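The structure under discussion appears below in the form of structure tokens.
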Amino acid sequence: METITLRNVTMQFRRATQESGSLKEWLVQTLQGRKRYELFTALDQVSFSAQRGEVIGIIGANGAGKSTLLKIIAGALRPTAGTVCVNFAKVQLLTLGTGFDMELTGRENVYLNGALIGYSRAFLDANYESIVRFAELEGFMDEKVRSYSSGMVSRLAFAIATAAADAAPSPAAPAPEVLILDEVLSVGDLFFRKKSEARIMAMMHSGCTVLIVSHSPGVIQNNCSRALFLDHGSLMADGDPKTVCAAYEASRKEGRV
Amino acid sequence: MAYLENRFVISQLTRRELKRKYARSRLGIVWSVLAPLLSMVILSLIFSQLFKRSIENYPIYYLSGYLIWQALTGATTSAMTALVDNRALLLKIKFPMEIFLVTRVYTAFINLLYSLVAYALMLLVFRIPLSFALLAAPLLFLFVFVFSLGLSYMLATAYVFFGDVKHLYSVFLTLWMYVSAIFYPAEQLSGFIYEVIRVNPVYQYIHALRTLVLGASLPGASAWLYMLAWSLAAYRGGRALFNRYRARIMQKL
């Protein structure tokens with residue numbers, strides 16, 4: 001069953017060549033007829049489809065269009081041209097520490113961050129204990145996150161982001177069809193990393209389509225069944241992770257010369 | 001936007017805004033009541049010496065205006081920058097971006113509730129008799145809330161494209177404050193400026209609160225309709241503008 005279908009998706013942003021950040025500049029430019037735009041193409045005719053159970057890695061340099069692609073799949077942006085077939089209600093986007101606030105306590109951040117990820121209050125109440133246990137932060141939850149070490153912060157962030165993996169699917173947190181992991185892998189120390197990779201594996205094997213975004217070819221090769229390589233908005237390669245990552249490495253070397 | 005559907009995330013964001021404000025102080029949330037109370041005491045001390053012949057219970061007259069004015073300006077000035085302030089977050093979450101704007105307006109009105117505690121104390125101090133007319137006050141605050149929300153949509157949309165709006169608005173607020181008759185009796189004026197004040201919806205909101213508190217009576221049906229019309233017009237207008245530019249706001253951010 002196909003969960004994602006993109007056909008000739010193009011995303012263009014209109015960028016003013018002279019950015020008018022102030023009203024005065026805007027008035028002057030408009031009156032003089034100097035208002036010019038240039039089109040910046042973030043994605044150029046990208047087509048691919050994904051099946052249930054596939055684990056797809058997306059690789060590419062900064063500015064290659066990875067995050068634009070994710071936003072389109074998540075339904076946050078609508079493409080300029082092309083068609084997108086995704087059930088947006090069943091897409092779950094996992095990012096670490098979305099909206100963490102250093103001035104709040106660990107407990108308050110679980111609720112704030114959880115709410116921003118899209119969990120309900122009932123879900124967070126039910127899973128609060130297991131989140132704390134997974135993050136190994138018992139006894140620290142009423143302290144401000146400001147006093148945490150960076151390892152503690154990322155452990156907590158990871159535990160919240162992946163809390164749904166541990167809980168049985170319920171109306172409060174329905175099982176997603178598409179799971180997007182945006183630089184979520186490789187946090188914490190070696191021990192925690194193993195634990196977190198096991199959890200990610202469990203999520204992957206639950207039968208949804210998983211998209212993994214990473215700068216690191218290693219992460220993609222270890223975890224994915226298929227890889228996409230984006231460069232300057234175009235889909236350069238699609239297929240076996242090893243071959244695709246090799247193409248990515250090759251283009252990076254070329255770029256450096 | 002489905003406000004009810006997103007109430008959990010809005011309430012969590014509001015908690016953050018409220019907690020942050022007094023995060024580094026020892027008294028914490030107590031300041032939410034203490035700060036408006038202290039400024040109300042100072043203002044009544046100063047203003048009870050002015051205008052005292054022309055207006056009965058002048059401090060309360062003034063504080064009623066101050067209360068609504070603070071809620072409106074607090075809501076709109078903070079909501080104006082909400083989208084830009086939360087730019088990084090906005091692109092990572094699946095919620096509609098309005099939640100940040102609504103959160104700021106909501107926060108300002110939670111602060112209004114705290115100020116109302118201080119206001120109630122001042123009513124006791126000045127021995128203002130409580131009447132059943134006060135039961136209409138929540139409806140009035142709801143109107144002010146909807147009006148502020150509409151205005152916030154317009155300002156936040158404009159602010160994404162032009163940073164200057166912030167400065168223009170603060171200048172405009174000064175003008176607006178003077179035509180809202182917050183600290184002087186509007187009845188003393190006449191001619192054109194009096195007409196401006198009467199048309200001004202903020203003056204109407206303030207005047208209605210004074211009627212409830214000091215007059216112990218309800219404003220007339222036409223006054224209610226006038227206020228309702230302004231609230232709905234501001235909200236509809238704000239939403240329409242925001243929706244029209246929604247895609248471009250997303251791109252600009």
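In the structure tokens, chains take the letters A, B, ... in the order shown, each chain's residues start at 1, and ligands count up from 1 in the order shown.
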Can you tell me, as JSON, numbers by chain, what residues are no more than 7 Å from range 95-110 of chain B when counting only C-alpha atoms, ignoring any on the same chain fewer than 5 positions away?
{"B": [10, 13, 14, 17, 18, 71, 74, 75, 76, 78, 79, 82, 83, 90, 149]}
Chain B residues within 8 Å of chain A, counting only C-alpha atoms: which ones, as a tab-separated table (two decimals) with all heavy atoms, in the first residue's frame?
```tsv
chain	number	residue	atom	x	y	z
B	8	PHE	N	-5.31	22.46	24.19
B	8	PHE	CA	-4.25	21.94	25.05
B	8	PHE	C	-2.92	22.61	24.74
B	8	PHE	O	-2.23	23.08	25.64
B	8	PHE	CB	-4.15	20.42	24.90
B	8	PHE	CG	-3.03	19.82	25.71
B	8	PHE	CD1	-2.89	20.11	27.06
B	8	PHE	CD2	-2.10	18.96	25.12
B	8	PHE	CE1	-1.86	19.56	27.81
B	8	PHE	CE2	-1.08	18.41	25.86
B	8	PHE	CZ	-0.95	18.72	27.20
B	9	VAL	N	-2.58	22.70	23.46
B	9	VAL	CA	-1.30	23.31	23.12
B	9	VAL	C	-1.32	24.80	23.45
B	9	VAL	O	-0.34	25.36	23.94
B	9	VAL	CB	-0.90	23.00	21.66
B	9	VAL	CG1	-1.76	23.71	20.66
B	9	VAL	CG2	0.55	23.34	21.42
B	12	GLN	N	-0.79	25.18	27.15
B	12	GLN	CA	0.60	24.93	27.54
B	12	GLN	C	1.51	26.11	27.16
B	12	GLN	O	2.38	26.50	27.93
B	12	GLN	CB	1.13	23.65	26.87
B	12	GLN	CG	0.59	22.38	27.49
B	12	GLN	CD	0.93	22.23	28.95
B	12	GLN	OE1	2.02	22.57	29.39
B	12	GLN	NE2	-0.02	21.79	29.76
B	13	LEU	N	1.29	26.67	25.98
B	13	LEU	CA	2.09	27.81	25.56
B	13	LEU	C	1.81	29.02	26.45
B	13	LEU	O	2.72	29.79	26.77
B	13	LEU	CB	1.79	28.16	24.09
B	13	LEU	CG	2.39	27.20	23.06
B	13	LEU	CD1	1.78	27.43	21.69
B	13	LEU	CD2	3.90	27.40	22.99
B	16	ARG	N	3.65	28.77	29.62
B	16	ARG	CA	5.05	29.14	29.44
B	16	ARG	C	5.22	30.65	29.49
B	16	ARG	O	6.09	31.18	30.17
B	16	ARG	CB	5.58	28.60	28.11
B	16	ARG	CG	6.98	29.12	27.82
B	16	ARG	CD	7.57	28.57	26.58
B	16	ARG	NE	6.96	29.15	25.41
B	16	ARG	CZ	7.59	29.25	24.24
B	16	ARG	NH1	8.80	28.79	24.11
B	16	ARG	NH2	6.99	29.78	23.21
B	19	LYS	N	4.79	31.86	33.05
B	19	LYS	CA	5.88	31.45	33.93
B	19	LYS	C	7.15	32.22	33.63
B	19	LYS	O	7.89	32.60	34.52
B	19	LYS	CB	6.14	29.96	33.74
B	19	LYS	CG	5.10	29.10	34.41
B	19	LYS	CD	5.71	28.23	35.47
B	19	LYS	CE	4.67	27.72	36.43
B	19	LYS	NZ	4.35	26.32	36.23
B	20	ARG	N	7.40	32.42	32.35
B	20	ARG	CA	8.64	33.09	31.94
B	20	ARG	C	8.73	34.50	32.47
B	20	ARG	O	9.79	34.97	32.83
B	20	ARG	CB	8.69	33.17	30.42
B	20	ARG	CG	9.21	31.95	29.75
B	20	ARG	CD	9.61	32.31	28.35
B	20	ARG	NE	10.87	33.02	28.38
B	20	ARG	CZ	12.02	32.46	28.07
B	20	ARG	NH1	12.06	31.22	27.70
B	20	ARG	NH2	13.13	33.15	28.13
B	23	ALA	N	9.95	34.40	35.89
B	23	ALA	CA	10.76	33.21	36.15
B	23	ALA	C	11.90	33.46	37.14
B	23	ALA	O	12.24	32.61	37.93
B	23	ALA	CB	11.31	32.65	34.86
B	89	LEU	N	10.25	27.59	15.72
B	89	LEU	CA	9.31	26.56	16.16
B	89	LEU	C	8.24	26.27	15.13
B	89	LEU	O	7.85	25.13	14.90
B	89	LEU	CB	8.59	27.09	17.39
B	89	LEU	CG	8.90	26.48	18.72
B	89	LEU	CD1	8.10	27.16	19.79
B	89	LEU	CD2	8.53	25.01	18.65
B	91	LEU	N	8.09	26.24	12.00
B	91	LEU	CA	8.32	25.40	10.83
B	91	LEU	C	8.43	23.93	11.22
B	91	LEU	O	8.43	23.06	10.37
B	91	LEU	CB	9.61	25.85	10.13
B	91	LEU	CG	9.56	27.30	9.68
B	91	LEU	CD1	10.91	27.77	9.18
B	91	LEU	CD2	8.50	27.49	8.60
B	92	LYS	N	8.51	23.66	12.53
B	92	LYS	CA	8.72	22.28	12.94
B	92	LYS	C	7.47	21.59	13.43
B	92	LYS	O	7.49	20.41	13.71
B	92	LYS	CB	9.75	22.25	14.07
B	92	LYS	CG	11.16	22.46	13.58
B	92	LYS	CD	12.11	22.17	14.69
B	92	LYS	CE	13.53	22.42	14.28
B	92	LYS	NZ	14.39	22.47	15.45
B	93	ILE	N	6.41	22.32	13.64
B	93	ILE	CA	5.24	21.68	14.22
B	93	ILE	C	4.10	21.65	13.23
B	93	ILE	O	4.09	22.36	12.23
B	93	ILE	CB	4.78	22.40	15.51
B	93	ILE	CG1	4.46	23.85	15.20
B	93	ILE	CG2	5.82	22.27	16.59
B	93	ILE	CD1	3.77	24.53	16.32
B	94	LYS	N	3.14	20.79	13.54
B	94	LYS	CA	2.04	20.58	12.60
B	94	LYS	C	0.84	21.47	12.89
B	94	LYS	O	-0.13	21.44	12.15
B	94	LYS	CB	1.60	19.12	12.65
B	94	LYS	CG	2.49	18.23	11.80
B	94	LYS	CD	2.16	16.76	11.99
B	94	LYS	CE	0.70	16.48	11.67
B	94	LYS	NZ	0.34	15.09	11.99
B	95	PHE	N	0.93	22.25	13.96
B	95	PHE	CA	-0.22	23.07	14.30
B	95	PHE	C	-0.32	24.28	13.39
B	95	PHE	O	0.68	24.74	12.85
B	95	PHE	CB	-0.10	23.54	15.75
B	95	PHE	CG	-0.24	22.43	16.73
B	95	PHE	CD1	0.88	21.85	17.29
B	95	PHE	CD2	-1.48	21.95	17.07
B	95	PHE	CE1	0.76	20.81	18.19
B	95	PHE	CE2	-1.61	20.91	17.96
B	95	PHE	CZ	-0.49	20.33	18.52
B	161	PHE	N	5.82	41.27	7.16
B	161	PHE	CA	6.37	41.88	5.94
B	161	PHE	C	7.11	43.19	6.22
B	161	PHE	O	8.06	43.52	5.53
B	161	PHE	CB	5.26	42.10	4.91
B	161	PHE	CG	4.59	40.81	4.52
B	161	PHE	CD1	3.36	40.46	5.05
B	161	PHE	CD2	5.22	39.94	3.65
B	161	PHE	CE1	2.77	39.25	4.71
B	161	PHE	CE2	4.64	38.73	3.30
B	161	PHE	CZ	3.41	38.39	3.83
B	162	PHE	N	6.66	43.92	7.23
B	162	PHE	CA	7.30	45.20	7.54
B	162	PHE	C	7.55	45.36	9.03
B	162	PHE	O	6.62	45.51	9.80
B	162	PHE	CB	6.42	46.37	7.09
B	162	PHE	CG	6.00	46.28	5.66
B	162	PHE	CD1	4.69	45.99	5.34
B	162	PHE	CD2	6.92	46.45	4.64
B	162	PHE	CE1	4.30	45.88	4.02
B	162	PHE	CE2	6.53	46.33	3.33
B	162	PHE	CZ	5.23	46.05	3.02
B	163	GLY	N	8.82	45.33	9.39
B	163	GLY	CA	9.17	45.50	10.80
B	163	GLY	C	8.75	46.86	11.34
B	163	GLY	O	8.56	47.02	12.55
B	164	ASP	N	8.60	47.83	10.47
B	164	ASP	CA	8.27	49.20	10.91
B	164	ASP	C	6.92	49.29	11.59
B	164	ASP	O	6.66	50.23	12.33
B	164	ASP	CB	8.19	50.17	9.73
B	164	ASP	CG	9.42	50.15	8.88
B	164	ASP	OD1	9.91	49.04	8.61
B	164	ASP	OD2	9.87	51.23	8.50
B	165	VAL	N	6.06	48.33	11.27
B	165	VAL	CA	4.70	48.37	11.80
B	165	VAL	C	4.73	48.52	13.31
B	165	VAL	O	3.92	49.23	13.90
B	165	VAL	CB	3.93	47.10	11.39
B	165	VAL	CG1	2.59	47.02	12.07
B	165	VAL	CG2	3.75	47.10	9.89
B	247	ALA	N	-0.15	31.82	2.99
B	247	ALA	CA	0.90	31.11	2.25
B	247	ALA	C	2.15	31.97	2.15
B	247	ALA	O	3.27	31.48	2.29
B	247	ALA	CB	0.40	30.74	0.86
B	250	MET	N	4.10	32.12	5.39
B	250	MET	CA	4.88	30.90	5.56
B	250	MET	C	6.18	30.97	4.76
B	250	MET	O	7.25	30.60	5.25
B	250	MET	CB	4.02	29.73	5.08
B	250	MET	CG	4.35	28.42	5.69
B	250	MET	SD	3.99	28.40	7.44
B	250	MET	CE	4.82	26.90	7.88
B	251	GLN	N	6.07	31.47	3.53
B	251	GLN	CA	7.27	31.56	2.68
B	251	GLN	C	8.25	32.58	3.23
B	251	GLN	O	9.45	32.38	3.24
B	251	GLN	CB	6.88	31.96	1.27
B	251	GLN	CG	6.15	30.86	0.53
B	251	GLN	CD	6.00	31.16	-0.94
B	251	GLN	OE1	6.46	32.18	-1.42
B	251	GLN	NE2	5.35	30.28	-1.65
```
Skipping near chain neighbours, those fewer than 3 positions away, what residues fall within 9 Å of Trp230 in chain B using only C-alpha atoms, listed as a PDB file with all heavy atoms, in the first residue's frame?
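Output file part-v8.pdb is given in full below:
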```pdb
ATOM      1  N   PHE B 143     -16.049  40.708  24.399  1.00  0.00           N
ATOM      2  CA  PHE B 143     -16.043  41.597  23.234  1.00  0.00           C
ATOM      3  C   PHE B 143     -14.650  42.187  23.017  1.00  0.00           C
ATOM      4  O   PHE B 143     -14.145  42.232  21.900  1.00  0.00           O
ATOM      5  CB  PHE B 143     -17.042  42.744  23.418  1.00  0.00           C
ATOM      6  CG  PHE B 143     -18.480  42.359  23.192  1.00  0.00           C
ATOM      7  CD1 PHE B 143     -18.860  41.031  23.075  1.00  0.00           C
ATOM      8  CD2 PHE B 143     -19.458  43.339  23.082  1.00  0.00           C
ATOM      9  CE1 PHE B 143     -20.180  40.685  22.857  1.00  0.00           C
ATOM     10  CE2 PHE B 143     -20.782  43.000  22.860  1.00  0.00           C
ATOM     11  CZ  PHE B 143     -21.142  41.673  22.755  1.00  0.00           C
ATOM     12  N   PHE B 147     -12.196  41.626  19.811  1.00  0.00           N
ATOM     13  CA  PHE B 147     -11.676  42.801  19.111  1.00  0.00           C
ATOM     14  C   PHE B 147     -10.147  42.761  19.072  1.00  0.00           C
ATOM     15  O   PHE B 147      -9.531  42.962  18.021  1.00  0.00           O
ATOM     16  CB  PHE B 147     -12.171  44.067  19.831  1.00  0.00           C
ATOM     17  CG  PHE B 147     -11.727  45.346  19.178  1.00  0.00           C
ATOM     18  CD1 PHE B 147     -12.353  45.813  18.037  1.00  0.00           C
ATOM     19  CD2 PHE B 147     -10.674  46.080  19.713  1.00  0.00           C
ATOM     20  CE1 PHE B 147     -11.938  46.990  17.432  1.00  0.00           C
ATOM     21  CE2 PHE B 147     -10.254  47.260  19.112  1.00  0.00           C
ATOM     22  CZ  PHE B 147     -10.885  47.711  17.971  1.00  0.00           C
ATOM     23  N   PRO B 201     -14.218  52.531  19.186  1.00  0.00           N
ATOM     24  CA  PRO B 201     -14.762  51.381  19.904  1.00  0.00           C
ATOM     25  C   PRO B 201     -14.152  51.201  21.290  1.00  0.00           C
ATOM     26  O   PRO B 201     -14.834  50.799  22.228  1.00  0.00           O
ATOM     27  CB  PRO B 201     -14.411  50.196  19.009  1.00  0.00           C
ATOM     28  CG  PRO B 201     -13.326  50.674  18.117  1.00  0.00           C
ATOM     29  CD  PRO B 201     -13.558  52.139  17.935  1.00  0.00           C
ATOM     30  N   LEU B 225     -24.881  46.554  20.746  1.00  0.00           N
ATOM     31  CA  LEU B 225     -24.815  46.187  19.329  1.00  0.00           C
ATOM     32  C   LEU B 225     -23.624  46.840  18.651  1.00  0.00           C
ATOM     33  O   LEU B 225     -22.932  46.229  17.845  1.00  0.00           O
ATOM     34  CB  LEU B 225     -26.111  46.598  18.614  1.00  0.00           C
ATOM     35  CG  LEU B 225     -27.268  45.628  18.782  1.00  0.00           C
ATOM     36  CD1 LEU B 225     -28.511  46.162  18.084  1.00  0.00           C
ATOM     37  CD2 LEU B 225     -26.886  44.258  18.204  1.00  0.00           C
ATOM     38  N   TYR B 226     -23.397  48.110  19.016  1.00  0.00           N
ATOM     39  CA  TYR B 226     -22.276  48.841  18.434  1.00  0.00           C
ATOM     40  C   TYR B 226     -20.956  48.143  18.773  1.00  0.00           C
ATOM     41  O   TYR B 226     -20.106  47.925  17.905  1.00  0.00           O
ATOM     42  CB  TYR B 226     -22.273  50.278  18.978  1.00  0.00           C
ATOM     43  CG  TYR B 226     -21.239  51.165  18.336  1.00  0.00           C
ATOM     44  CD1 TYR B 226     -21.445  51.687  17.060  1.00  0.00           C
ATOM     45  CD2 TYR B 226     -20.063  51.477  19.013  1.00  0.00           C
ATOM     46  CE1 TYR B 226     -20.483  52.492  16.467  1.00  0.00           C
ATOM     47  CE2 TYR B 226     -19.099  52.284  18.426  1.00  0.00           C
ATOM     48  CZ  TYR B 226     -19.311  52.798  17.153  1.00  0.00           C
ATOM     49  OH  TYR B 226     -18.373  53.588  16.562  1.00  0.00           O
ATOM     50  N   MET B 227     -20.810  47.731  20.038  1.00  0.00           N
ATOM     51  CA  MET B 227     -19.574  47.074  20.462  1.00  0.00           C
ATOM     52  C   MET B 227     -19.433  45.712  19.793  1.00  0.00           C
ATOM     53  O   MET B 227     -18.342  45.332  19.350  1.00  0.00           O
ATOM     54  CB  MET B 227     -19.570  46.912  21.989  1.00  0.00           C
ATOM     55  CG  MET B 227     -19.470  48.244  22.717  1.00  0.00           C
ATOM     56  SD  MET B 227     -19.210  48.067  24.482  1.00  0.00           S
ATOM     57  CE  MET B 227     -20.775  47.434  25.025  1.00  0.00           C
ATOM     58  N   ALA B 233     -16.410  42.824  13.339  1.00  0.00           N
ATOM     59  CA  ALA B 233     -15.765  43.384  12.147  1.00  0.00           C
ATOM     60  C   ALA B 233     -14.247  43.238  12.248  1.00  0.00           C
ATOM     61  O   ALA B 233     -13.584  42.829  11.289  1.00  0.00           O
ATOM     62  CB  ALA B 233     -16.150  44.851  11.982  1.00  0.00           C
ATOM     63  N   ALA B 234     -13.702  43.541  13.429  1.00  0.00           N
ATOM     64  CA  ALA B 234     -12.246  43.422  13.607  1.00  0.00           C
ATOM     65  C   ALA B 234     -11.813  41.978  13.425  1.00  0.00           C
ATOM     66  O   ALA B 234     -10.828  41.681  12.747  1.00  0.00           O
ATOM     67  CB  ALA B 234     -11.841  43.929  14.993  1.00  0.00           C
ATOM     68  N   TYR B 235     -12.593  41.057  13.999  1.00  0.00           N
ATOM     69  CA  TYR B 235     -12.219  39.650  13.917  1.00  0.00           C
ATOM     70  C   TYR B 235     -12.298  39.137  12.487  1.00  0.00           C
ATOM     71  O   TYR B 235     -11.361  38.534  11.966  1.00  0.00           O
ATOM     72  CB  TYR B 235     -13.117  38.800  14.831  1.00  0.00           C
ATOM     73  CG  TYR B 235     -12.718  37.358  14.825  1.00  0.00           C
ATOM     74  CD1 TYR B 235     -11.559  36.941  15.458  1.00  0.00           C
ATOM     75  CD2 TYR B 235     -13.488  36.407  14.154  1.00  0.00           C
ATOM     76  CE1 TYR B 235     -11.166  35.621  15.435  1.00  0.00           C
ATOM     77  CE2 TYR B 235     -13.102  35.079  14.123  1.00  0.00           C
ATOM     78  CZ  TYR B 235     -11.941  34.696  14.765  1.00  0.00           C
ATOM     79  OH  TYR B 235     -11.537  33.384  14.723  1.00  0.00           O
TER      80      TYR B 235
END
```
Just checking: using only C-alpha atoms, which residue out of B:Leu155, B:Leu67, B:Val41, B:Ile55 ends up closest to Leu116 in chain B?
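Of B:Leu155, B:Leu67, B:Val41, B:Ile55, the one nearest Leu116 in chain B is B:Leu67, counting only C-alpha atoms.
You can rank A:Gly106, A:Gly60, A:Gly151, A:Gly82 by their closest distance to Gly233 in chain A using only C-alpha atoms, and at the top of that list sits A:Gly60.
Rounded to one decimal, CA of Val55 in chain A and CA of Ser225 in chain A lie 5.3 Å from each other.
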Using only C-alpha atoms, determine which residues lie at most 12 Å from range 120-128 of chain B, disregarding the query and same-chain residues fewer than 6 positions distant; provide the list as a ChimeraX atom specification.
/B:33-34,36-45,48,56-64,67,112-114,134,210,212-216
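Every protein, DNA or RNA residue with an atom at most 12 Å from Ala246 in chain A, where only C-alpha atoms count and chain neighbours fewer than 4 positions away do not, is listed here: Ile59, Gly60, Pro217, Gly218, Ile220, Gln221, Ala227, Leu228, Phe229, Met236, Ala237, Asp238, Gly239, Asp240, Pro241, Lys242, Ala250, Ser251, Arg252 and Lys253 of chain A.
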What does the file look like for those residues with C-alpha atoms, as a tab-separated table (two decimals), in the first residue's frame?
```tsv
chain	number	residue	atom	x	y	z
A	59	ILE	CA	20.45	12.74	2.24
A	60	GLY	CA	21.81	15.95	0.81
A	217	PRO	CA	25.68	8.60	5.35
A	218	GLY	CA	26.49	6.13	8.14
A	220	ILE	CA	21.33	6.13	6.51
A	221	GLN	CA	23.24	3.01	5.54
A	227	ALA	CA	17.73	6.22	0.08
A	228	LEU	CA	17.03	9.46	-1.78
A	229	PHE	CA	19.75	11.96	-2.64
A	236	MET	CA	19.68	12.91	-8.09
A	237	ALA	CA	19.43	9.30	-7.00
A	238	ASP	CA	16.82	6.92	-5.61
A	239	GLY	CA	17.54	3.34	-4.62
A	240	ASP	CA	19.81	1.13	-2.59
A	241	PRO	CA	21.35	3.13	0.32
A	242	LYS	CA	24.89	2.02	-0.43
A	250	ALA	CA	31.22	11.52	-4.83
A	251	SER	CA	29.37	14.77	-5.43
A	252	ARG	CA	30.68	16.18	-2.16
A	253	LYS	CA	34.24	15.44	-3.19
```
Which neighbours of Val219 in chain A fall inside 12 Å, counting only C-alpha atoms, when residues of the same chain fewer than 5 positions from it are skipped, and could you give them as a PyMOL selection string?
chain A and resi 55-59+181+183-186+197+212-214+224-225+227+241-242+245
Members of range 40-217 of chain A assigned strand (DSSP E or B) by DSSP, as a PyMOL selection string:
chain A and resi 40-51+55-59+81-86+91-94+105+144+170+173+178-182+209-213
Taking into account only C-alpha atoms, which residue in the set A:Phe40, A:Tyr128, A:Tyr248, A:Phe48 is nearest to Asn8 in chain A?
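Smallest separation from Asn8 in chain A among the options: A:Phe48.
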If you run DSSP on the backbone here, which positions in range 5-109 of chain A get alpha helix (DSSP H)? Please write them as an MDAnalysis selection string.
chainID A and resid 23:31 66:74 106:109
Near-Thr41 in chain A list (10 Å; only C-alpha atoms; drop same-chain fewer than 2 positions) as number ranges by chain
A: 10-14, 38-39, 43-45, 65, 80, 232-234
Output for the residues just chosen: N, CA and C atoms as an mmCIF file, in the first residue's frame:
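File produced: again-v4.cif:
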```cif
data_model
loop_
_atom_site.group_PDB
_atom_site.id
_atom_site.type_symbol
_atom_site.label_atom_id
_atom_site.label_comp_id
_atom_site.auth_asym_id
_atom_site.auth_seq_id
_atom_site.Cartn_x
_atom_site.Cartn_y
_atom_site.Cartn_z
ATOM 1 N N THR A 10 7.122 20.647 -7.514
ATOM 2 C CA THR A 10 8.039 21.773 -7.634
ATOM 3 C C THR A 10 7.651 22.810 -6.595
ATOM 4 N N MET A 11 8.641 23.319 -5.914
ATOM 5 C CA MET A 11 8.363 24.363 -4.931
ATOM 6 C C MET A 11 9.235 25.564 -5.244
ATOM 7 N N GLN A 12 8.563 26.689 -5.506
ATOM 8 C CA GLN A 12 9.324 27.901 -5.792
ATOM 9 C C GLN A 12 9.001 28.953 -4.760
ATOM 10 N N PHE A 13 10.010 29.668 -4.317
ATOM 11 C CA PHE A 13 9.799 30.789 -3.411
ATOM 12 C C PHE A 13 10.082 32.065 -4.179
ATOM 13 N N ARG A 14 9.231 33.060 -3.920
ATOM 14 C CA ARG A 14 9.472 34.342 -4.561
ATOM 15 C C ARG A 14 10.335 35.150 -3.625
ATOM 16 N N GLU A 38 12.980 37.449 -7.798
ATOM 17 C CA GLU A 38 13.583 36.348 -8.508
ATOM 18 C C GLU A 38 12.985 35.078 -7.930
ATOM 19 N N LEU A 39 12.846 34.085 -8.776
ATOM 20 C CA LEU A 39 12.277 32.843 -8.306
ATOM 21 C C LEU A 39 13.396 31.934 -7.859
ATOM 22 N N LEU A 43 12.565 22.960 -4.801
ATOM 23 C CA LEU A 43 12.380 21.586 -5.271
ATOM 24 C C LEU A 43 12.007 21.636 -6.737
ATOM 25 N N ASP A 44 12.637 20.773 -7.525
ATOM 26 C CA ASP A 44 12.431 20.825 -8.968
ATOM 27 C C ASP A 44 11.951 19.465 -9.480
ATOM 28 N N GLN A 45 10.674 19.375 -9.778
ATOM 29 C CA GLN A 45 10.110 18.168 -10.401
ATOM 30 C C GLN A 45 10.477 16.882 -9.661
ATOM 31 N N GLY A 65 17.142 21.040 -0.215
ATOM 32 C CA GLY A 65 15.696 20.916 -0.329
ATOM 33 C C GLY A 65 15.101 19.867 0.596
ATOM 34 N N THR A 80 4.190 24.557 -5.316
ATOM 35 C CA THR A 80 3.798 25.458 -6.392
ATOM 36 C C THR A 80 3.158 24.663 -7.532
ATOM 37 N N HIS A 232 20.440 20.577 -4.816
ATOM 38 C CA HIS A 232 19.864 21.796 -5.397
ATOM 39 C C HIS A 232 18.430 21.598 -5.867
ATOM 40 N N GLY A 233 17.649 20.902 -5.078
ATOM 41 C CA GLY A 233 16.235 20.767 -5.377
ATOM 42 C C GLY A 233 15.877 19.627 -6.306
ATOM 43 N N SER A 234 16.854 18.979 -6.887
ATOM 44 C CA SER A 234 16.544 17.873 -7.797
ATOM 45 C C SER A 234 16.840 16.539 -7.126
#
```
Take CA of Ala61 in chain A and CA of Pro79 in chain A and report the distance between them in Å, one decimal.
21.0 Å
